[in-house]
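Enquirer: Here it is, the structure, as structure tokens.
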Amino acid sequence: MTNQENDTTAKDLAAVLQQLAAVLDALPAEQEHAPTPCIEHDVSGLRSHVLGWLTAFTDGFADPGGRCSDPEQVTVKGTGADQVRALADRLDSALQGTRPEQLMIGDSGMPSGMALDMVLWEYQVHGWDLAAATDRPWSPDERGLEASLEFAPTMLTDDYQGEGKTFGPRVDVPADAPPLDRLLGLSGRDPAWSAG
């Protein structure tokens with residue numbers, strides 16, 4: 001990945017994180033335990049998941065050695081929206097500096113460019129999970145969605161996608177559907193999912 005592509009991905013991610021913070025700002029207390037399209041988590045659990053991993057990846061990009069922190073050690077404060085904004089600012093600063101060649105997630109290494117692509121994809125999808133669960137709008141920029149449509153298949157191998165795996169089986173979506181719907185279907189989400 002070129003520096004220009006990295007910079008574009010960083011800008012797209014920054015915008016997605018601002019949208020995520022807005023979704024969390026509007027989170028009603030009575031929806032804390034509502035189901036989400038991410039079947040492993042209700043709203044509260046998914047919020048903890050996205051905050052934990054955003055913290056871990058931000059720490060990794062900010063660390064010269066690329067060492068990510070433990071996402072399980074993060075505590076959500078309030079709705080989590082202010083934490084997302086603070087992490088987005090810190091991540092943006094880290095991405096403008098000298099980035100580590102790879103991120104270390106536990107004992108596993110991943111090239112930092114690939115990790116950045118993965119984070120964008122994950123937060124486009126998990127942002128939609130939370131927005132859909134709480135009936136909020138979600139509209140990431142199409143440029144970032146198209147980039148994730150190219151990237152995601154490299155990660156969605158048989159080891160990770162299918163019944164009982166990290167990503168559910170792909171959902172058939174028309175080839176001419178909007179990019180967000182195609183990305184959701186690719187990621188094992190039904191774009192028509194509704195909490196009702």
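So you can find residues: chains in the structure tokens are A, B, ... in the order shown, residues in each start at 1, and ligands are numbered from 1 in order.
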Identify, on the basis of only C-alpha atoms, every residue whose closest approach to Glu30 (chain A) does not exceed 12 Å; exclude the query and any residue fewer than 5 positions from it along the same chain; express the result as a ChimeraX atom specification.

Expert: /A:35,43-44,134

Enquirer: Would you mind exporting the chosen residues as an mmCIF file, in the first residue's frame, restricted to C-alpha atoms?

Expert:
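part29.cif written:
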```
data_model
loop_
_atom_site.group_PDB
_atom_site.id
_atom_site.type_symbol
_atom_site.label_atom_id
_atom_site.label_comp_id
_atom_site.auth_asym_id
_atom_site.auth_seq_id
_atom_site.Cartn_x
_atom_site.Cartn_y
_atom_site.Cartn_z
ATOM 1 C CA PRO A 35 -29.863 -7.286 19.916
ATOM 2 C CA VAL A 43 -25.598 -3.178 22.027
ATOM 3 C CA SER A 44 -23.660 -2.898 25.285
ATOM 4 C CA THR A 134 -30.628 1.581 17.576
#
```

Enquirer: Please return, as a list in words, all residues of chain A that DSSP assigns to strand (DSSP E or B) on the basis of the backbone.

Expert: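 Of chain A, only Pro35, Asp42, Arg67, Gln102, Leu103, Met104, Ile105, Ser108, Gly109, Met110, Pro111, Gln161 and Phe167 of chain A fall in strand (DSSP E or B).
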
Enquirer: Measuring atom to atom with only C-alpha atoms, identify which of A:Asp159, A:Asp25, A:Asp141, A:Asp172 is nearest to Gln83 (chain A).

Expert: A:Asp25

Enquirer: Considering only C-alpha atoms, state which residue in the set A:Leu87, A:Leu145, A:Ala115, A:Leu27 is at the smallest distance from Val50 (chain A).

Expert: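 Result for the nearest residue to Val50 (chain A): A:Leu87.
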
Enquirer: Using only C-alpha atoms, can you tell me which of A:Glu32, A:Asp107, A:Asp82, A:Asp190 comes closest to Cys68 (chain A)?

Expert: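 Among the listed residues, A:Asp107 lies closest to Cys68 (chain A).
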
Enquirer: Contacts of Ser48 (chain A) at 9 Å or less, counting only C-alpha atoms, minus same-chain residues fewer than 4 places along, as a ChimeraX atom specification?

Expert: /A:43-44,52-53,71-72,74-76,80

Enquirer: Enumerate as a list in words all residues of region 122-154 of chain A assigned to alpha helix (DSSP H) by DSSP on the backbone, naming them with the chain letters and numbers the document uses.

Expert: Glu122, Tyr123, Gln124, Val125, His126, Gly127, Trp128, Asp129, Leu130, Ala131, Ala132, Ala133, Glu142, Arg143, Gly144, Leu145, Glu146, Ala147, Ser148, Leu149, Glu150, Phe151, Ala152, Pro153 and Thr154 of chain A

Enquirer: CA of Lys77 (chain A) to CA of Gly65 (chain A): how many Å, to one decimal?

Expert: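 Between CA of Lys77 (chain A) and CA of Gly65 (chain A) the gap works out to 28.2 Å.
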
Enquirer: Residues at most 7 Å from region 8-14 of chain A, counting only C-alpha atoms, excluding those fewer than 5 positions away in the same chain, as a PyMOL selection string?

Expert: chain A and resi 88+117+120+144

Enquirer: Tell me, as number ranges by chain, which residues lie within 9 Å of Asp63 (chain A), counting only C-alpha atoms; anything in the same chain fewer than 6 positions away does not count.

Expert: A: 94, 99-100, 103

Enquirer: Would you mind reading off the distance between CA of Thr157 (chain A) and CA of Ala132 (chain A), one decimal, in Å?

Expert: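 Distance reported for this atom pair: 25.8 Å.
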
Enquirer: Would you mind telling me which residue in A:Val173, A:Leu91, A:Leu116, A:Ala147 lies nearest to Asn6 (chain A) when using only C-alpha atoms?

Expert: A:Leu116

Enquirer: Contacts of Gly127 (chain A) at 8 Å or less, counting only C-alpha atoms, minus same-chain residues fewer than 4 places along, as a count of residues only?

Expert: 7

Enquirer: Given only C-alpha atoms as the basis, pick out the residue of A:Ile39, A:Val84, A:Leu184, A:Leu24 nearest to Thr55 (chain A).

Expert: A:Val84

Enquirer: Looking at only C-alpha atoms, which of A:Thr98, A:Gln18, A:Ser187, A:Thr58 is the one that sits closest to Arg85 (chain A)?

Expert: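 The shortest atom-to-atom distance to Arg85 (chain A) comes from A:Gln18.
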